[in-house]
file data02.pdb (PDB, C-alpha atoms)
ATOM      1  CA  MET P  13      38.654  70.461  -4.365  1.00  0.00           C
ATOM      2  CA  ALA P  14      35.727  70.579  -6.802  1.00  0.00           C
ATOM      3  CA  LEU P  15      33.612  67.562  -7.625  1.00  0.00           C
ATOM      4  CA  LEU P  16      32.674  66.941 -11.221  1.00  0.00           C
ATOM      5  CA  GLY P  17      29.002  66.294 -11.860  1.00  0.00           C
ATOM      6  CA  GLY P  18      27.909  67.011  -8.288  1.00  0.00           C
ATOM      7  CA  GLY P  19      24.259  66.321  -9.133  1.00  0.00           C
ATOM      8  CA  LYS P  20      21.635  64.090  -7.621  1.00  0.00           C
ATOM      9  CA  SER P  21      23.416  60.849  -8.528  1.00  0.00           C
ATOM     10  CA  ASP P  22      26.505  61.858  -6.516  1.00  0.00           C
ATOM     11  CA  ARG P  23      24.338  62.756  -3.516  1.00  0.00           C
ATOM     12  CA  ALA P  24      22.448  59.461  -3.862  1.00  0.00           C
ATOM     13  CA  THR P  25      25.721  57.528  -4.032  1.00  0.00           C
ATOM     14  CA  ALA P  26      26.994  59.332  -0.917  1.00  0.00           C
ATOM     15  CA  ALA P  27      23.748  58.488   0.904  1.00  0.00           C
ATOM     16  CA  ARG P  28      24.077  54.797  -0.044  1.00  0.00           C
ATOM     17  CA  GLU P  29      27.685  54.791   1.151  1.00  0.00           C
ATOM     18  CA  ARG P  30      26.645  56.306   4.500  1.00  0.00           C
ATOM     19  CA  ALA P  31      23.953  53.629   4.799  1.00  0.00           C
ATOM     20  CA  GLY P  32      26.553  50.962   3.996  1.00  0.00           C
ATOM     21  CA  LEU P  33      24.809  49.940   0.784  1.00  0.00           C
ATOM     22  CA  ALA P  34      27.291  51.021  -1.893  1.00  0.00           C
ATOM     23  CA  ARG P  35      28.033  48.327  -4.460  1.00  0.00           C
ATOM     24  CA  VAL P  36      31.152  48.813  -6.547  1.00  0.00           C
ATOM     25  CA  GLY P  37      30.509  48.449 -10.265  1.00  0.00           C
ATOM     26  CA  THR P  38      26.865  47.423  -9.992  1.00  0.00           C
ATOM     27  CA  GLU P  39      23.546  49.163 -10.413  1.00  0.00           C
ATOM     28  CA  SER P  40      20.691  47.706  -8.466  1.00  0.00           C
ATOM     29  CA  SER P  41      17.078  48.692  -8.173  1.00  0.00           C
ATOM     30  CA  MET P  42      15.769  50.344  -5.029  1.00  0.00           C
ATOM     31  CA  SER P  43      12.129  50.239  -4.005  1.00  0.00           C
ATOM     32  CA  ILE P  44      10.917  52.734  -1.417  1.00  0.00           C
ATOM     33  CA  ILE P  45       7.934  52.498   0.895  1.00  0.00           C
ATOM     34  CA  GLY P  46       7.652  56.163   1.770  1.00  0.00           C
ATOM     35  CA  PRO P  47       6.474  57.867   4.957  1.00  0.00           C
ATOM     36  CA  GLY P  48       2.706  57.656   5.343  1.00  0.00           C
ATOM     37  CA  MET P  49       2.512  54.680   2.973  1.00  0.00           C
ATOM     38  CA  GLY P  50       1.233  51.319   4.204  1.00  0.00           C
ATOM     39  CA  ILE P  51       1.437  47.991   2.420  1.00  0.00           C
ATOM     40  CA  VAL P  52      -0.277  44.764   3.435  1.00  0.00           C
ATOM     41  CA  GLY P  53       1.217  41.768   1.624  1.00  0.00           C
ATOM     42  CA  ASP P  54       4.526  40.132   0.790  1.00  0.00           C
ATOM     43  CA  ILE P  55       7.321  41.863  -1.153  1.00  0.00           C
ATOM     44  CA  VAL P  56       9.944  39.994  -3.197  1.00  0.00           C
ATOM     45  CA  THR P  57      12.752  41.728  -5.130  1.00  0.00           C
ATOM     46  CA  ASP P  58      16.289  41.073  -6.330  1.00  0.00           C
ATOM     47  CA  GLY P  59      17.282  44.614  -5.368  1.00  0.00           C
ATOM     48  CA  THR P  60      17.050  46.824  -2.297  1.00  0.00           C
ATOM     49  CA  VAL P  61      13.994  47.916  -0.314  1.00  0.00           C
ATOM     50  CA  ARG P  62      13.890  50.992   1.909  1.00  0.00           C
ATOM     51  CA  VAL P  63      10.985  51.205   4.362  1.00  0.00           C
ATOM     52  CA  GLU P  64      10.063  54.623   5.747  1.00  0.00           C
ATOM     53  CA  GLY P  65       6.354  53.752   6.044  1.00  0.00           C
ATOM     54  CA  ARG P  66       4.658  50.565   7.229  1.00  0.00           C
ATOM     55  CA  LEU P  67       4.730  47.008   5.845  1.00  0.00           C
ATOM     56  CA  GLN P  68       2.665  44.118   7.150  1.00  0.00           C
ATOM     57  CA  GLY P  69       3.971  40.966   5.478  1.00  0.00           C
ATOM     58  CA  THR P  70       7.147  39.132   4.505  1.00  0.00           C
ATOM     59  CA  LEU P  71       9.954  41.099   2.839  1.00  0.00           C
ATOM     60  CA  ARG P  72      12.521  39.237   0.689  1.00  0.00           C
ATOM     61  CA  ALA P  73      15.211  41.424  -0.899  1.00  0.00           C
ATOM     62  CA  GLY P  74      18.158  39.918  -2.759  1.00  0.00           C
ATOM     63  CA  LYS P  75      20.524  42.815  -2.036  1.00  0.00           C
ATOM     64  CA  ALA P  76      19.537  44.830   1.040  1.00  0.00           C
ATOM     65  CA  VAL P  77      16.807  46.116   3.326  1.00  0.00           C
ATOM     66  CA  VAL P  78      16.924  49.487   5.059  1.00  0.00           C
ATOM     67  CA  ILE P  79      14.318  50.285   7.691  1.00  0.00           C
ATOM     68  CA  GLY P  80      14.360  54.024   8.355  1.00  0.00           C
ATOM     69  CA  LYS P  81      13.847  55.582  11.780  1.00  0.00           C
ATOM     70  CA  GLY P  82      10.101  55.951  11.185  1.00  0.00           C
ATOM     71  CA  GLY P  83       9.706  52.658   9.303  1.00  0.00           C
ATOM     72  CA  GLU P  84       7.772  49.667  10.618  1.00  0.00           C
ATOM     73  CA  VAL P  85       7.717  46.043   9.481  1.00  0.00           C
ATOM     74  CA  HIS P  86       5.288  43.569  11.022  1.00  0.00           C
ATOM     75  CA  GLY P  87       6.536  40.375   9.421  1.00  0.00           C
ATOM     76  CA  ASP P  88       9.748  38.574   8.505  1.00  0.00           C
ATOM     77  CA  ILE P  89      12.730  40.051   6.618  1.00  0.00           C
ATOM     78  CA  PHE P  90      15.101  37.903   4.526  1.00  0.00           C
ATOM     79  CA  THR P  91      18.050  39.592   2.754  1.00  0.00           C
ATOM     80  CA  GLN P  92      21.829  39.804   2.241  1.00  0.00           C
ATOM     81  CA  ASP P  93      22.453  43.087   4.101  1.00  0.00           C
ATOM     82  CA  ALA P  94      20.138  44.901   6.513  1.00  0.00           C
ATOM     83  CA  VAL P  95      20.295  48.245   8.280  1.00  0.00           C
ATOM     84  CA  ILE P  96      17.510  48.615  10.836  1.00  0.00           C
ATOM     85  CA  GLY P  97      16.699  52.024  12.281  1.00  0.00           C
ATOM     86  CA  GLY P  98      12.974  51.566  12.883  1.00  0.00           C
ATOM     87  CA  THR P  99      10.567  48.977  14.272  1.00  0.00           C
ATOM     88  CA  VAL P 100      10.448  45.284  13.343  1.00  0.00           C
ATOM     89  CA  ARG P 101       8.086  42.695  14.797  1.00  0.00           C
ATOM     90  CA  GLY P 102       9.247  39.384  13.355  1.00  0.00           C
ATOM     91  CA  THR P 103      12.398  37.616  12.160  1.00  0.00           C
ATOM     92  CA  VAL P 104      15.327  39.542  10.659  1.00  0.00           C
ATOM     93  CA  SER P 105      17.550  37.177   8.687  1.00  0.00           C
ATOM     94  CA  ALA P 106      20.656  38.619   6.962  1.00  0.00           C
ATOM     95  CA  GLU P 107      23.090  36.373   5.110  1.00  0.00           C
ATOM     96  CA  SER P 108      25.916  38.881   5.073  1.00  0.00           C
ATOM     97  CA  ARG P 109      25.648  41.966   7.298  1.00  0.00           C
ATOM     98  CA  LEU P 110      23.170  43.234   9.896  1.00  0.00           C
ATOM     99  CA  GLU P 111      23.312  46.641  11.565  1.00  0.00           C
ATOM    100  CA  LEU P 112      20.922  47.613  14.361  1.00  0.00           C
ATOM    101  CA  GLN P 113      21.015  51.380  14.720  1.00  0.00           C
ATOM    102  CA  ALA P 114      20.436  53.251  17.995  1.00  0.00           C
ATOM    103  CA  THR P 115      16.820  53.995  16.994  1.00  0.00           C
ATOM    104  CA  SER P 116      15.948  50.367  16.193  1.00  0.00           C
ATOM    105  CA  ASP P 117      13.251  48.483  18.109  1.00  0.00           C
ATOM    106  CA  ILE P 118      13.062  44.769  17.315  1.00  0.00           C
ATOM    107  CA  GLU P 119      10.902  42.043  18.824  1.00  0.00           C
ATOM    108  CA  GLY P 120      11.490  38.620  17.331  1.00  0.00           C
ATOM    109  CA  MET P 121      14.421  36.599  16.083  1.00  0.00           C
ATOM    110  CA  ILE P 122      17.680  37.844  14.582  1.00  0.00           C
ATOM    111  CA  ARG P 123      19.686  35.558  12.331  1.00  0.00           C
ATOM    112  CA  ALA P 124      23.063  36.909  11.147  1.00  0.00           C
ATOM    113  CA  ARG P 125      26.773  36.240  10.795  1.00  0.00           C
ATOM    114  CA  ALA P 126      28.560  36.711  14.110  1.00  0.00           C
ATOM    115  CA  LYS P 127      31.400  38.784  12.673  1.00  0.00           C
ATOM    116  CA  HIS P 128      29.051  41.053  10.676  1.00  0.00           C
ATOM    117  CA  LEU P 129      26.466  41.905  13.336  1.00  0.00           C
ATOM    118  CA  THR P 130      26.602  45.481  14.632  1.00  0.00           C
ATOM    119  CA  LEU P 131      24.483  46.872  17.472  1.00  0.00           C
ATOM    120  CA  GLU P 132      24.700  50.574  18.194  1.00  0.00           C
ATOM    121  CA  GLU P 133      24.303  51.824  21.753  1.00  0.00           C
ATOM    122  CA  GLY P 134      20.597  52.374  22.387  1.00  0.00           C
ATOM    123  CA  ALA P 135      19.342  49.680  20.003  1.00  0.00           C
ATOM    124  CA  ARG P 136      16.385  47.845  21.533  1.00  0.00           C
ATOM    125  CA  PHE P 137      16.088  44.115  20.923  1.00  0.00           C
ATOM    126  CA  ASN P 138      13.836  41.593  22.648  1.00  0.00           C
ATOM    127  CA  GLY P 139      14.002  38.063  21.308  1.00  0.00           C
ATOM    128  CA  GLN P 140      16.393  35.390  20.183  1.00  0.00           C
ATOM    129  CA  VAL P 141      19.699  35.631  18.292  1.00  0.00           C
ATOM    130  CA  GLN P 142      21.026  32.879  16.036  1.00  0.00           C
ATOM    131  CA  MET P 143      24.601  33.312  14.845  1.00  0.00           C
ATOM    132  CA  ILE P 144      25.463  31.918  11.416  1.00  0.00           C
ATOM    133  CA  ASP P 145      29.096  30.839  11.233  1.00  0.00           C
ATOM    134  CA  ASP P 146      28.916  27.972   8.742  1.00  0.00           C
ATOM    135  CA  PRO P 147      29.498  29.265   5.180  1.00  0.00           C
ATOM    136  CA  GLU P 148      27.139  26.543   3.976  1.00  0.00           C
ATOM    137  CA  ALA P 149      24.297  27.801   6.181  1.00  0.00           C
ATOM    138  CA  ARG P 150      21.870  30.097   4.388  1.00  0.00           C
ATOM    139  CA  ALA P 151      19.681  32.731   6.007  1.00  0.00           C
ATOM    140  CA  LEU P 152      17.307  32.764   3.028  1.00  0.00           C
ATOM    141  CA  PRO P 153      15.132  29.676   3.276  1.00  0.00           C
ATOM    142  CA  PRO P 154      13.340  28.528   0.150  1.00  0.00           C
ATOM    143  CA  PRO P 155       9.769  29.779  -0.152  1.00  0.00           C
ATOM    144  CA  HIS P 156       7.409  27.566   1.832  1.00  0.00           C
ATOM    145  CA  VAL P 157       5.214  25.385  -0.369  1.00  0.00           C
ATOM    146  CA  VAL P 158       1.988  24.049   1.093  1.00  0.00           C
ATOM    147  CA  GLU P 159       0.432  21.010  -0.482  1.00  0.00           C
ATOM    148  CA  ASN P 160      -3.273  20.485  -0.084  1.00  0.00           C
ATOM    149  CA  SER P 161      -4.430  16.914   0.066  1.00  0.00           C
ATOM    150  CA  ALA P 162      -7.993  15.770   0.372  1.00  0.00           C
ATOM    151  CA  GLN P 163      -8.469  12.950   2.785  1.00  0.00           C
ATOM    152  CA  GLY P 164     -11.368  10.634   2.095  1.00  0.00           C
TER
END

call {"tool": "encode", "arguments": {"input": "data02.pdb", "output": "structure tokens"}}
result
Amino acid sequence: MALLGGGKSDRATAARERAGLARVGTESSMSIIGPGMGIVGDIVTDGTVRVEGRLQGTLRAGKAVVIGKGGEVHGDIFTQDAVIGGTVRGTVSAESRLELQATSDIEGMIRARAKHLTLEEGARFNGQVQMIDDPEARALPPPHVVENSAQG
């Protein structure tokens, strides 16, 4: 069977499907922190973020976060869907689905839906797990606002 238009977009779609990130009928943006790249600071996006390098800061992605086998995040992750194959030191909070691959190494807190949490054999996790079962509960807390007040 021959595929029509077997170009890069078909290969990219197949890769997203393997990663569990395919979205039927929608196009979303994907930001990539490549191997050898390091970012210090917070990242906020409505789309998807793939980390193959290193991030030190909070990561908020409206759609998904993928941490590749060589990726590292030293900070908190807040998203809908997450696939973790690398290292995370901080909280991983997924509203919908969380997959910890065999190569994952997490120290911190995991917050996910009980029926959508997958741990592959070999995944390393040291910390606390909070299961979200209430549909009203949200894993994405509002951004923290600090008020400064001068006391006299």

call {"tool": "residues_around", "arguments": {"input": "data02.pdb", "residues": "P:Glu119", "least_positions_apart": "2", "cutoff": "8 Å", "atoms": "all atoms listed in the file", "output": "PDB file with C-alpha atoms, in the frame of the given file"}}
result
ATOM      1  CA  VAL P 100      10.448  45.284  13.343  1.00  0.00           C
ATOM      2  CA  ARG P 101       8.086  42.695  14.797  1.00  0.00           C
ATOM      3  CA  GLY P 102       9.247  39.384  13.355  1.00  0.00           C
ATOM      4  CA  ASP P 117      13.251  48.483  18.109  1.00  0.00           C
ATOM      5  CA  MET P 121      14.421  36.599  16.083  1.00  0.00           C
ATOM      6  CA  PHE P 137      16.088  44.115  20.923  1.00  0.00           C
ATOM      7  CA  ASN P 138      13.836  41.593  22.648  1.00  0.00           C
ATOM      8  CA  GLY P 139      14.002  38.063  21.308  1.00  0.00           C
TER       9      GLY P 139
END

call {"tool": "closest_residue", "arguments": {"input": "data02.pdb", "among": "P:Ser108, P:Thr103, P:Ser43, P:Thr57", "to": "P:Thr130", "atoms": "only C-alpha atoms"}}
result
P:Ser108

call {"tool": "atom_distance", "arguments": {"input": "data02.pdb", "atom1": "atom CA of P:Gly80", "atom2": "atom CA of P:Ile96"}}
result
6.7 Å

call {"tool": "closest_residue", "arguments": {"input": "data02.pdb", "among": "P:Ser105, P:Leu71, P:Glu111, P:Val56", "to": "P:Ala124", "atoms": "all atoms listed in the file"}}
result
P:Ser105

call {"tool": "resolve_selection", "arguments": {"input": "data02.pdb", "expression": "the PyMOL selection byres ((chain P and resi 51) around 12)", "output": "mmCIF file with C-alpha atoms, in the coordinates of the input"}}
result
data_model
loop_
_atom_site.group_PDB
_atom_site.id
_atom_site.type_symbol
_atom_site.label_atom_id
_atom_site.label_comp_id
_atom_site.auth_asym_id
_atom_site.auth_seq_id
_atom_site.Cartn_x
_atom_site.Cartn_y
_atom_site.Cartn_z
ATOM 1 C CA ILE P 44 10.917 52.734 -1.417
ATOM 2 C CA ILE P 45 7.934 52.498 0.895
ATOM 3 C CA GLY P 46 7.652 56.163 1.770
ATOM 4 C CA PRO P 47 6.474 57.867 4.957
ATOM 5 C CA GLY P 48 2.706 57.656 5.343
ATOM 6 C CA MET P 49 2.512 54.680 2.973
ATOM 7 C CA GLY P 50 1.233 51.319 4.204
ATOM 8 C CA VAL P 52 -0.277 44.764 3.435
ATOM 9 C CA GLY P 53 1.217 41.768 1.624
ATOM 10 C CA ASP P 54 4.526 40.132 0.790
ATOM 11 C CA ILE P 55 7.321 41.863 -1.153
ATOM 12 C CA VAL P 63 10.985 51.205 4.362
ATOM 13 C CA GLU P 64 10.063 54.623 5.747
ATOM 14 C CA GLY P 65 6.354 53.752 6.044
ATOM 15 C CA ARG P 66 4.658 50.565 7.229
ATOM 16 C CA LEU P 67 4.730 47.008 5.845
ATOM 17 C CA GLN P 68 2.665 44.118 7.150
ATOM 18 C CA GLY P 69 3.971 40.966 5.478
ATOM 19 C CA THR P 70 7.147 39.132 4.505
ATOM 20 C CA LEU P 71 9.954 41.099 2.839
ATOM 21 C CA GLY P 83 9.706 52.658 9.303
ATOM 22 C CA GLU P 84 7.772 49.667 10.618
ATOM 23 C CA VAL P 85 7.717 46.043 9.481
ATOM 24 C CA HIS P 86 5.288 43.569 11.022
ATOM 25 C CA GLY P 87 6.536 40.375 9.421
#

call {"tool": "closest_residue", "arguments": {"input": "data02.pdb", "among": "P:Ala114, P:Val95, P:Ile122, P:Gly82", "to": "P:Arg136", "atoms": "all atoms listed in the file"}}
result
P:Ala114

call {"tool": "closest_residue", "arguments": {"input": "data02.pdb", "among": "P:Ile144, P:Ala126, P:Leu131, P:Ala73", "to": "P:Gln92", "atoms": "only C-alpha atoms"}}
result
P:Ala73

call {"tool": "decode", "arguments": {"input": "data02.pdb", "residues": "stretch 34-96 of chain P", "atoms": "C-alpha atoms", "output": "short mmCIF file (atom, residue, chain, number, x, y, z; two decimals), in the first residue's frame"}}
result
data_model
loop_
_atom_site.label_atom_id
_atom_site.label_comp_id
_atom_site.auth_asym_id
_atom_site.auth_seq_id
_atom_site.Cartn_x
_atom_site.Cartn_y
_atom_site.Cartn_z
CA ALA P 34 -1.86 13.50 18.09
CA ARG P 35 -4.83 15.87 18.10
CA VAL P 36 -7.58 15.12 15.61
CA GLY P 37 -8.56 18.14 13.54
CA THR P 38 -6.34 20.65 15.33
CA GLU P 39 -3.00 22.26 14.63
CA SER P 40 -1.05 23.34 17.64
CA SER P 41 2.31 24.98 18.02
CA MET P 42 5.29 23.01 19.27
CA SER P 43 8.29 24.63 20.91
CA ILE P 44 11.50 22.62 21.17
CA ILE P 45 14.36 23.04 23.60
CA GLY P 46 16.98 21.10 21.67
CA PRO P 47 19.91 19.01 22.88
CA GLY P 48 22.73 21.17 24.20
CA MET P 49 20.36 24.11 24.76
CA GLY P 50 19.80 25.48 28.26
CA ILE P 51 17.13 27.93 29.37
CA VAL P 52 16.90 29.66 32.73
CA GLY P 53 13.45 31.19 33.27
CA ASP P 54 9.76 30.37 33.07
CA ILE P 55 8.02 29.21 29.87
CA VAL P 56 4.30 29.72 29.19
CA THR P 57 2.56 28.54 26.00
CA ASP P 58 -0.86 27.42 24.81
CA GLY P 59 0.75 24.69 22.71
CA THR P 60 3.23 21.87 23.26
CA VAL P 61 6.80 21.99 24.55
CA ARG P 62 9.40 19.29 23.90
CA VAL P 63 12.51 19.38 26.09
CA GLU P 64 15.63 17.61 24.83
CA GLY P 65 17.99 20.07 26.54
CA ARG P 66 17.83 21.66 29.98
CA LEU P 67 15.26 24.02 31.55
CA GLN P 68 15.58 25.64 34.95
CA GLY P 69 12.23 27.25 35.74
CA THR P 70 8.48 26.69 35.62
CA LEU P 71 6.96 25.24 32.44
CA ARG P 72 3.25 25.85 31.69
CA ALA P 73 1.97 24.33 28.44
CA GLY P 74 -1.72 24.36 27.55
CA LYS P 75 -1.58 21.21 25.42
CA ALA P 76 1.35 18.94 26.29
CA VAL P 77 4.89 18.58 27.57
CA VAL P 78 7.33 15.95 26.32
CA ILE P 79 10.61 15.48 28.15
CA GLY P 80 12.95 13.46 25.95
CA LYS P 81 15.38 10.85 27.26
CA GLY P 82 18.19 13.41 27.51
CA GLY P 83 15.96 16.28 28.67
CA GLU P 84 16.13 17.85 32.12
CA VAL P 85 13.70 20.15 33.93
CA HIS P 86 14.61 21.66 37.29
CA GLY P 87 11.30 23.28 38.17
CA ASP P 88 7.57 22.65 38.05
CA ILE P 89 5.56 21.44 35.03
CA PHE P 90 1.85 22.26 34.57
CA THR P 91 0.02 20.90 31.48
CA GLN P 92 -2.85 18.81 30.08
CA ASP P 93 -0.80 15.82 28.85
CA ALA P 94 2.78 14.90 29.75
CA VAL P 95 5.18 12.23 28.53
CA ILE P 96 8.33 12.11 30.65
#
